[in-house]
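**Student:** Sending over coords_22.cif (mmCIF, C-alpha atoms and all ligand atoms).
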data_query
#
loop_
_atom_site.label_atom_id
_atom_site.label_comp_id
_atom_site.auth_asym_id
_atom_site.auth_seq_id
_atom_site.Cartn_x
_atom_site.Cartn_y
_atom_site.Cartn_z
CA MET A 1 102.23 128.34 116.79
CA ASN A 2 104.22 130.16 114.12
CA ASN A 3 107.53 128.99 115.49
CA ALA A 4 106.41 125.40 115.66
CA HIS A 5 108.86 122.77 114.50
CA ALA A 6 107.53 119.24 114.22
CA PHE A 7 109.60 116.05 114.17
CA VAL A 8 107.59 113.18 112.68
CA ALA A 9 108.65 109.60 113.46
CA GLY A 10 106.74 107.07 111.40
CA ALA A 11 106.56 109.63 108.58
CA THR A 12 106.37 106.89 105.95
CA GLY A 13 103.25 105.29 107.46
CA LEU A 14 99.70 105.81 106.26
CA THR A 15 99.02 108.39 108.99
CA GLY A 16 102.55 109.80 109.08
CA ARG A 17 102.77 110.78 105.41
CA HIS A 18 99.58 112.86 105.72
CA VAL A 19 100.77 114.41 108.98
CA VAL A 20 103.97 115.56 107.23
CA THR A 21 102.23 117.14 104.25
CA GLN A 22 99.44 118.71 106.30
CA LEU A 23 101.90 120.28 108.74
CA ALA A 24 103.90 121.70 105.85
CA GLN A 25 100.70 123.04 104.26
CA ARG A 26 99.95 124.85 107.54
CA GLY A 27 103.35 126.52 107.40
CA VAL A 28 104.91 124.46 110.19
CA GLN A 29 108.60 123.62 109.90
CA VAL A 30 108.70 119.82 109.58
CA THR A 31 111.40 117.19 109.90
CA ALA A 32 110.21 113.84 108.53
CA HIS A 33 112.21 110.99 110.02
CA VAL A 34 112.85 108.16 107.58
CA ARG A 35 114.64 105.11 108.92
CA SER A 36 117.67 103.82 107.07
CA GLY A 37 116.56 101.08 104.69
CA SER A 38 112.89 102.11 104.62
CA SER A 39 111.39 100.92 101.35
CA ALA A 40 108.62 103.54 101.42
CA GLY A 41 111.15 106.27 102.24
CA ALA A 42 112.72 106.45 98.79
CA ARG A 43 109.34 106.93 97.16
CA LEU A 44 108.00 109.44 99.69
CA GLU A 45 111.11 111.58 100.13
CA PRO A 46 110.51 113.69 96.96
CA GLU A 47 106.87 114.19 98.04
CA PHE A 48 107.97 115.43 101.48
CA ILE A 49 110.58 117.76 100.04
CA ALA A 50 108.10 119.13 97.46
CA ALA A 51 105.69 119.84 100.33
CA GLY A 52 108.40 121.86 102.09
CA ALA A 53 109.46 119.33 104.74
CA LYS A 54 113.02 118.36 105.58
CA VAL A 55 113.92 114.68 105.59
CA HIS A 56 116.16 113.21 108.27
CA ARG A 57 117.43 109.74 107.50
CA SER A 58 118.88 107.70 110.33
CA GLY A 59 118.70 104.42 112.14
CA TRP A 60 116.88 103.83 115.41
CA GLU A 61 119.94 103.33 117.60
CA VAL A 62 119.64 105.39 120.81
CA SER A 63 122.55 107.60 119.76
CA ALA A 64 121.13 108.21 116.26
CA ILE A 65 117.64 109.15 117.37
CA THR A 66 118.92 111.30 120.25
CA GLU A 67 121.23 113.11 117.85
CA ALA A 68 118.36 113.66 115.38
CA LEU A 69 116.20 115.27 118.05
CA THR A 70 119.01 117.24 119.62
CA ALA A 71 119.81 118.73 116.23
CA ALA A 72 116.18 119.53 115.43
CA GLN A 73 115.10 120.82 118.90
CA PRO A 74 111.45 120.38 117.87
CA THR A 75 108.47 121.88 119.68
CA ILE A 76 106.27 118.92 118.72
CA VAL A 77 107.20 115.24 118.30
CA PHE A 78 104.85 112.80 116.57
CA SER A 79 105.19 109.11 117.39
CA LEU A 80 103.30 107.26 114.64
CA LEU A 81 105.10 103.94 114.60
CA GLY A 82 103.92 100.40 114.56
CA THR A 83 104.67 96.99 113.17
CA THR A 84 102.25 94.22 112.20
CA LYS A 85 102.13 90.49 112.93
CA LYS A 86 103.10 89.82 109.31
CA ARG A 87 106.14 92.09 109.52
CA ALA A 88 107.09 90.62 112.91
CA ARG A 89 107.00 87.09 111.44
CA ALA A 90 109.12 88.13 108.43
CA ALA A 91 111.67 89.82 110.71
CA ALA A 92 111.81 86.78 113.02
CA LYS A 93 112.65 84.56 110.02
CA GLU A 94 115.65 86.82 109.44
CA GLY A 95 116.61 86.67 113.11
CA ARG A 96 115.38 90.15 114.09
CA GLU A 97 113.09 90.71 117.06
CA GLU A 98 110.72 93.33 115.66
CA ASN A 99 107.38 92.99 117.38
CA TYR A 100 104.84 95.09 119.28
CA GLU A 101 107.08 95.13 122.35
CA THR A 102 110.32 96.12 120.60
CA ILE A 103 108.89 98.44 117.91
CA ASP A 104 105.51 99.80 118.99
CA PHE A 105 106.64 100.22 122.59
CA GLY A 106 110.44 100.07 122.37
CA LEU A 107 111.05 102.63 119.63
CA SER A 108 108.28 104.95 120.86
CA LYS A 109 109.89 104.94 124.33
CA ARG A 110 113.29 105.59 122.78
CA LEU A 111 111.82 108.53 120.89
CA TYR A 112 110.16 109.80 124.07
CA ASP A 113 113.45 109.69 126.03
CA ALA A 114 115.21 111.58 123.24
CA ALA A 115 112.36 114.15 123.13
CA ALA A 116 112.52 114.60 126.90
CA SER A 117 116.20 115.48 126.63
CA CYS A 118 115.43 118.41 124.28
CA LYS A 119 115.64 121.93 125.71
CA THR A 120 112.33 122.72 124.01
CA SER A 121 110.20 120.28 126.13
CA PRO A 122 108.19 119.33 123.03
CA ARG A 123 104.56 118.30 122.99
CA PHE A 124 104.49 114.55 122.36
CA VAL A 125 101.72 113.24 120.10
CA TYR A 126 101.37 109.49 120.38
CA LEU A 127 99.26 107.38 118.03
CA SER A 128 97.80 104.65 120.22
CA SER A 129 94.66 102.61 119.56
CA MET A 130 91.07 102.21 120.55
CA GLY A 131 90.66 99.55 123.22
CA VAL A 132 93.81 100.22 125.23
CA SER A 133 93.47 99.44 128.92
CA ALA A 134 95.94 98.70 131.68
CA LYS A 135 94.48 95.21 132.21
CA THR A 136 94.61 93.98 128.62
CA SER A 137 96.43 90.74 127.79
CA ASN A 138 96.45 91.43 124.03
CA PRO A 139 100.13 92.06 123.08
CA TYR A 140 99.24 94.84 120.58
CA LEU A 141 97.16 96.74 123.14
CA LYS A 142 99.58 95.93 125.96
CA ALA A 143 102.47 97.63 124.13
CA ARG A 144 100.31 100.73 123.75
CA ALA A 145 99.14 100.65 127.36
CA LYS A 146 102.80 100.60 128.44
CA MET A 147 103.61 103.59 126.25
CA GLU A 148 100.57 105.51 127.44
CA ALA A 149 101.77 104.92 131.03
CA VAL A 150 105.18 106.38 130.10
CA LEU A 151 103.47 109.54 128.82
CA GLU A 152 101.17 109.83 131.81
CA ARG A 153 104.08 109.60 134.26
CA GLY A 154 106.50 111.59 132.11
CA VAL A 155 107.64 115.19 131.93
CA LEU A 156 106.34 116.25 128.50
CA PRO A 157 102.89 117.64 127.62
CA PHE A 158 101.19 114.92 125.59
CA VAL A 159 98.34 113.97 123.30
CA ILE A 160 97.32 110.31 123.14
CA ALA A 161 95.16 109.45 120.13
CA ARG A 162 93.09 106.26 120.23
CA PRO A 163 91.54 105.78 116.79
CA SER A 164 89.45 102.86 115.60
CA PHE A 165 90.48 101.35 112.21
CA ILE A 166 92.57 103.60 109.94
CA THR A 167 91.66 103.27 106.26
CA GLY A 168 93.19 104.43 103.00
CA GLY A 169 95.69 103.57 100.30
CA ARG A 170 98.44 101.41 101.74
CA ASP A 171 101.57 100.04 100.14
CA GLU A 172 100.64 96.58 101.42
CA ARG A 173 97.25 94.91 101.68
CA ARG A 174 95.88 94.35 105.18
CA VAL A 175 92.85 92.22 104.57
CA GLY A 176 91.97 91.83 108.27
CA GLU A 177 91.93 95.59 108.84
CA GLU A 178 89.98 96.24 105.63
CA ILE A 179 87.31 93.68 106.52
CA GLY A 180 87.20 94.86 110.14
CA ALA A 181 86.79 98.52 109.16
CA ARG A 182 84.11 97.76 106.58
CA ALA A 183 82.18 95.42 108.88
CA ALA A 184 82.33 97.92 111.75
CA ASP A 185 81.15 100.78 109.54
CA VAL A 186 78.27 98.78 108.03
CA LEU A 187 77.15 97.66 111.48
CA LEU A 188 77.51 101.15 112.90
CA SER A 189 75.65 102.81 110.03
CA GLY A 190 72.73 100.50 110.85
CA ILE A 191 73.00 101.40 114.51
CA GLY A 192 73.20 105.10 113.54
CA ALA A 193 70.01 104.76 111.46
CA LEU A 194 68.30 103.28 114.51
CA GLY A 195 69.23 106.29 116.60
CA GLY A 196 72.55 105.09 118.03
CA SER A 197 74.59 107.90 116.49
CA LYS A 198 76.77 108.31 119.58
CA LEU A 199 77.84 104.68 119.33
CA ARG A 200 78.51 105.06 115.58
CA ASP A 201 80.55 108.22 116.10
CA ARG A 202 82.57 106.52 118.80
CA TYR A 203 83.69 103.45 116.89
CA ARG A 204 83.65 104.16 113.15
CA SER A 205 86.81 103.97 111.08
CA THR A 206 88.72 107.06 110.00
CA SER A 207 90.81 107.71 106.90
CA GLY A 208 94.55 108.45 107.11
CA PRO A 209 94.07 112.10 105.98
CA ARG A 210 91.22 112.69 108.42
CA LEU A 211 93.16 111.23 111.34
CA ALA A 212 96.22 113.27 110.34
CA ARG A 213 94.08 116.43 110.36
CA ALA A 214 92.92 115.63 113.89
CA LEU A 215 96.47 114.98 115.10
CA VAL A 216 97.84 118.16 113.51
CA THR A 217 94.97 120.22 114.94
CA LEU A 218 95.56 118.83 118.42
CA ALA A 219 99.32 119.23 118.12
CA LEU A 220 98.99 122.89 117.24
CA SER A 221 96.49 123.57 120.02
CA ASP A 222 97.12 123.78 123.77
CA GLU A 223 95.00 120.71 124.44
CA THR A 224 96.54 117.72 126.17
CA GLY A 225 95.22 114.32 127.27
CA THR A 226 93.69 111.24 125.71
CA PHE A 227 91.39 111.51 122.70
CA GLU A 228 89.15 108.62 121.72
CA SER A 229 88.04 107.68 118.23
CA GLY A 230 84.88 109.84 118.16
CA ALA A 231 86.70 112.98 119.30
CA LEU A 232 89.39 112.37 116.68
CA TYR A 233 86.78 111.90 113.98
CA GLN A 234 85.22 115.25 114.89
CA ARG A 235 88.53 117.11 115.02
CA GLY A 236 89.53 115.65 111.68
CA GLN A 237 86.64 117.33 109.87
CA PRO A 238 87.81 119.03 106.67
N1 LIG B 301 95.88 100.58 110.99
C1 LIG B 301 94.93 100.69 111.86
O1 LIG B 301 93.75 100.39 111.61
C2 LIG B 301 95.26 101.23 113.25
C3 LIG B 301 94.23 101.49 114.16
C4 LIG B 301 94.55 102.06 115.38
C5 LIG B 301 95.86 102.31 115.70
N2 LIG B 301 96.87 102.01 114.82
C6 LIG B 301 98.25 102.29 115.18
O2 LIG B 301 98.62 103.56 114.69
C7 LIG B 301 100.01 103.55 114.33
C8 LIG B 301 100.20 104.03 112.91
O3 LIG B 301 99.32 103.37 112.06
P1 LIG B 301 99.48 103.45 110.49
O4 LIG B 301 98.44 102.58 109.92
O5 LIG B 301 99.60 104.86 110.07
O6 LIG B 301 100.92 102.76 110.37
P2 LIG B 301 101.69 102.16 109.11
O7 LIG B 301 101.16 102.67 107.85
O8 LIG B 301 101.78 100.70 109.30
O9 LIG B 301 103.15 102.82 109.36
C9 LIG B 301 103.95 102.37 110.40
C10 LIG B 301 105.20 103.22 110.52
O10 LIG B 301 106.05 102.54 111.46
C11 LIG B 301 107.32 102.32 110.83
N3 LIG B 301 107.88 101.02 111.21
C12 LIG B 301 107.30 99.81 111.06
N4 LIG B 301 108.16 98.84 111.44
C13 LIG B 301 109.30 99.48 111.83
C14 LIG B 301 110.56 99.03 112.31
N5 LIG B 301 110.83 97.73 112.45
N6 LIG B 301 111.50 99.94 112.61
C15 LIG B 301 111.25 101.26 112.46
N7 LIG B 301 110.08 101.76 111.99
C16 LIG B 301 109.11 100.86 111.68
C17 LIG B 301 107.07 102.33 109.34
O11 LIG B 301 108.31 102.65 108.69
P3 LIG B 301 108.70 102.00 107.26
O12 LIG B 301 107.76 102.62 106.26
O13 LIG B 301 110.10 102.43 107.10
O14 LIG B 301 108.51 100.54 107.39
C18 LIG B 301 105.98 103.39 109.22
O15 LIG B 301 106.55 104.67 109.16
C19 LIG B 301 100.50 102.14 114.53
O16 LIG B 301 101.07 102.06 115.81
C20 LIG B 301 99.24 101.35 114.50
O17 LIG B 301 99.34 100.13 115.14
C21 LIG B 301 96.58 101.48 113.59
#
Let me see the file written as structure tokens.
Ligand SMILES: NC(=O)c1ccc[n+]([C@@H]2O[C@H](COP(=O)([O-])OP(=O)(O)OC[C@H]3O[C@@H](n4cnc5c(N)ncnc54)[C@H](OP(=O)(O)O)[C@@H]3O)[C@@H](O)[C@H]2O)c1

**Tutor:**
Amino acid sequence: MNNAHAFVAGATGLTGRHVVTQLAQRGVQVTAHVRSGSSAGARLEPEFIAAGAKVHRSGWEVSAITEALTAAQPTIVFSLLGTTKKRARAAAKEGREENYETIDFGLSKRLYDAAASCKTSPRFVYLSSMGVSAKTSNPYLKARAKMEAVLERGVLPFVIARPSFITGGRDERRVGEEIGARAADVLLSGIGALGGSKLRDRYRSTSGPRLARALVTLALSDETGTFESGALYQRGQP
């Protein structure tokens, strides 16, 4: 895919920042989207530019994101966005409704609609989560199930990635995720030692760089569909 042009939404996230730099290292033209007011954006922008990526700064209004994609006409769009309960609570205190429904689903859907209006019919790579099912009542998984349904019924070729815990250096501490990832890995290494390697491979955590490698590899291939944690772990091999 020498003429590939990737647009990365969620570029400032743990996964997104590695996706941007890895794409650039593979010689892909990259536009890293950084939302107006992003605190991580100011710090990461020089890193993205040094890697060879372009940075597009804009808000998430429908007109702004549509304009960003119309200008870029990408062949691949990465949707790597998500909020947390802690961020949702902080936003609510300031009167903003920024939760799984409005951010994880709402902005991803907005991005999808803008991507679908591109002449290039880009491949859409969506970072979902392990455990997504249509019947779930968990709001985090429900938002992802809704977005997965949009992709499955939509017009663009897509990759849905469902990783287990994502680990690595974050700007903020997420104690729950750290404990969850460590506990899962310890438990699974025991299971692996007892011969349950398939189970271990299916559920173990993955680092941001490793997951990014899997996403970039899938994005640059012709493969489409839904990829569970184990398949992502394998594809992310250095
Ligand atoms: N962490 C895990 O263990 C795990 C496991 C499975 C799936 N996932 C899912 O995978 C996705 C990416 O995970 P990650 O850990 O790489 O994410 P992350 O580091 O938390 O990054 C999230 C991205 O979303 C953006 N974002 C957050 N709130 C926003 C808002 N209100 N408006 C616009 N943009 C906003 C952030 O931008 P700013 O930097 O500008 O805030 C950042 O670029 C998320 O959907 C996550 O839920 C995570």

**Student:** Mind pulling up the distance from CA of Phe124 in chain A to CA of Asn99 in chain A?

**Tutor:** 22.3 Å

**Student:** Could you check which of A:Glu45, A:Glu98, A:Glu223, A:Glu148 is closest to ligand LIG 301 (chain B), using only C-alpha atoms and all ligand atoms?

**Tutor:**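 Nearest to ligand LIG 301 (chain B): A:Glu98.
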
**Student:** Find the residue from A:Pro209, A:Pro139, A:Pro163, A:Gly168 that sits nearest to ligand LIG 301 (chain B); use only C-alpha atoms and all ligand atoms when measuring.

**Tutor:**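 Selected residue with least distance to ligand LIG 301 (chain B): A:Pro163.
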
**Student:** Would you mind listing the residues within 6 Å of ligand LIG 301 (chain B), counting all atoms listed in the file, as a short mmCIF file (atom, residue, chain, number, x, y, z; two decimals) with C-alpha atoms, keeping the file's coordinate frame?

**Tutor:**
data_model
loop_
_atom_site.label_atom_id
_atom_site.label_comp_id
_atom_site.auth_asym_id
_atom_site.auth_seq_id
_atom_site.Cartn_x
_atom_site.Cartn_y
_atom_site.Cartn_z
CA GLY A 10 106.74 107.07 111.40
CA ALA A 11 106.56 109.63 108.58
CA THR A 12 106.37 106.89 105.95
CA GLY A 13 103.25 105.29 107.46
CA LEU A 14 99.70 105.81 106.26
CA THR A 15 99.02 108.39 108.99
CA GLY A 16 102.55 109.80 109.08
CA ARG A 35 114.64 105.11 108.92
CA SER A 38 112.89 102.11 104.62
CA ALA A 40 108.62 103.54 101.42
CA LEU A 80 103.30 107.26 114.64
CA LEU A 81 105.10 103.94 114.60
CA GLY A 82 103.92 100.40 114.56
CA THR A 83 104.67 96.99 113.17
CA GLU A 98 110.72 93.33 115.66
CA ILE A 103 108.89 98.44 117.91
CA ASP A 104 105.51 99.80 118.99
CA LEU A 127 99.26 107.38 118.03
CA SER A 128 97.80 104.65 120.22
CA SER A 129 94.66 102.61 119.56
CA PRO A 163 91.54 105.78 116.79
CA SER A 164 89.45 102.86 115.60
CA PHE A 165 90.48 101.35 112.21
CA ILE A 166 92.57 103.60 109.94
CA GLU A 177 91.93 95.59 108.84
#

**Student:** Edge lengths and centre, in Å to one decimal, as lines of an AutoDock Vina configuration file: that's what I need for the box along x, y and z that holds all listed atoms of range 8-15 of chain A plus 6 Å on each side.

**Tutor:**
center_x = 103.8
center_y = 109.2
center_z = 109.7
size_x = 21.6
size_y = 19.9
size_z = 19.5

**Student:** Which of these residues is nearest to Asn3 in chain A, using all atoms listed in the file: A:Ile65, A:Arg96, A:Thr120, A:Ala115?

**Tutor:** A:Thr120

**Student:** Can you work out which one of A:Leu23, A:Ala91, A:Ala143, A:Ala219 has the shortest atom-to-atom distance to Gly52 in chain A, counting only C-alpha atoms?

**Tutor:** A:Leu23

**Student:** Please, which residues are within 10 Å of (109.6, 107.6, 126.5) by the file's coordinates, counting all atoms listed in the file, and could they come as a list in words?

**Tutor:**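 Returned residue set, sorted by chain then number, is Phe105, Gly106, Leu107, Ser108, Lys109, Arg110, Leu111, Tyr112, Asp113, Ala114, Ala115, Ala116, Phe124, Lys146, Met147, Glu148, Ala149, Val150, Leu151, Arg153, Gly154, Val155 and Leu156 of chain A.
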
**Student:** Excluding same-chain residues fewer than 5 positions from Pro122 in chain A, what lies within 10 Å of it counting only C-alpha atoms, as a list in words?

**Tutor:** Ala4, His5, Ala6, Phe7, Gln73, Pro74, Thr75, Ile76, Val77, Phe78, Tyr112, Ala115, Ala116, Ser117, Val155, Leu156, Pro157 and Phe158 of chain A

**Student:** Convert the current residue selection to file output with C-alpha atoms, as a PDB file, in the coordinates of the input.

**Tutor:**
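And here is the file that came out, selection_12.pdb:
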ATOM      1  CA  ALA A   4     106.410 125.400 115.660  1.00  0.00           C
ATOM      2  CA  HIS A   5     108.860 122.770 114.500  1.00  0.00           C
ATOM      3  CA  ALA A   6     107.530 119.240 114.220  1.00  0.00           C
ATOM      4  CA  PHE A   7     109.600 116.050 114.170  1.00  0.00           C
ATOM      5  CA  GLN A  73     115.100 120.820 118.900  1.00  0.00           C
ATOM      6  CA  PRO A  74     111.450 120.380 117.870  1.00  0.00           C
ATOM      7  CA  THR A  75     108.470 121.880 119.680  1.00  0.00           C
ATOM      8  CA  ILE A  76     106.270 118.920 118.720  1.00  0.00           C
ATOM      9  CA  VAL A  77     107.200 115.240 118.300  1.00  0.00           C
ATOM     10  CA  PHE A  78     104.850 112.800 116.570  1.00  0.00           C
ATOM     11  CA  TYR A 112     110.160 109.800 124.070  1.00  0.00           C
ATOM     12  CA  ALA A 115     112.360 114.150 123.130  1.00  0.00           C
ATOM     13  CA  ALA A 116     112.520 114.600 126.900  1.00  0.00           C
ATOM     14  CA  SER A 117     116.200 115.480 126.630  1.00  0.00           C
ATOM     15  CA  VAL A 155     107.640 115.190 131.930  1.00  0.00           C
ATOM     16  CA  LEU A 156     106.340 116.250 128.500  1.00  0.00           C
ATOM     17  CA  PRO A 157     102.890 117.640 127.620  1.00  0.00           C
ATOM     18  CA  PHE A 158     101.190 114.920 125.590  1.00  0.00           C
TER      19      PHE A 158
END

**Student:** What gap, in Å, lies between CA of Ser79 in chain A and CA of Ala92 in chain A?

**Tutor:** 23.7 Å

**Student:** Name the closest residue to Thr217 in chain A among the candidates A:Thr31, A:Thr167, A:Gln237, A:Thr136; distances are taken between atoms, counting only C-alpha atoms.

**Tutor:**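 Checking each candidate against Thr217 in chain A, we get A:Gln237 as the closest.
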
**Student:** Would you mind reading off the distance between CA of Ser58 in chain A and CA of Thr102 in chain A, one decimal, in Å?

**Tutor:**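 Computing the Euclidean distance for CA of Ser58 in chain A and CA of Thr102 in chain A yields 17.7 Å.
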
**Student:** Using all atoms listed in the file, which of A:Lys54, A:Arg123, A:Arg26, A:Arg17 sits nearest Thr224 in chain A?

**Tutor:** A:Arg123

**Student:** Can you list, as a compact mmCIF listing (two decimals) with C-alpha atoms, keeping the file's coordinate frame, every protein, DNA or RNA residue that comes within 9 Å of Lys85 in chain A when you count all atoms listed in the file, leaving out same-chain residues fewer than 4 positions away?

**Tutor:**
# COMPACT_ATOMS: atom_id res chain seq x y z
CA ARG A 89 107.00 87.09 111.44
CA ALA A 90 109.12 88.13 108.43
CA ASN A 99 107.38 92.99 117.38
CA TYR A 100 104.84 95.09 119.28
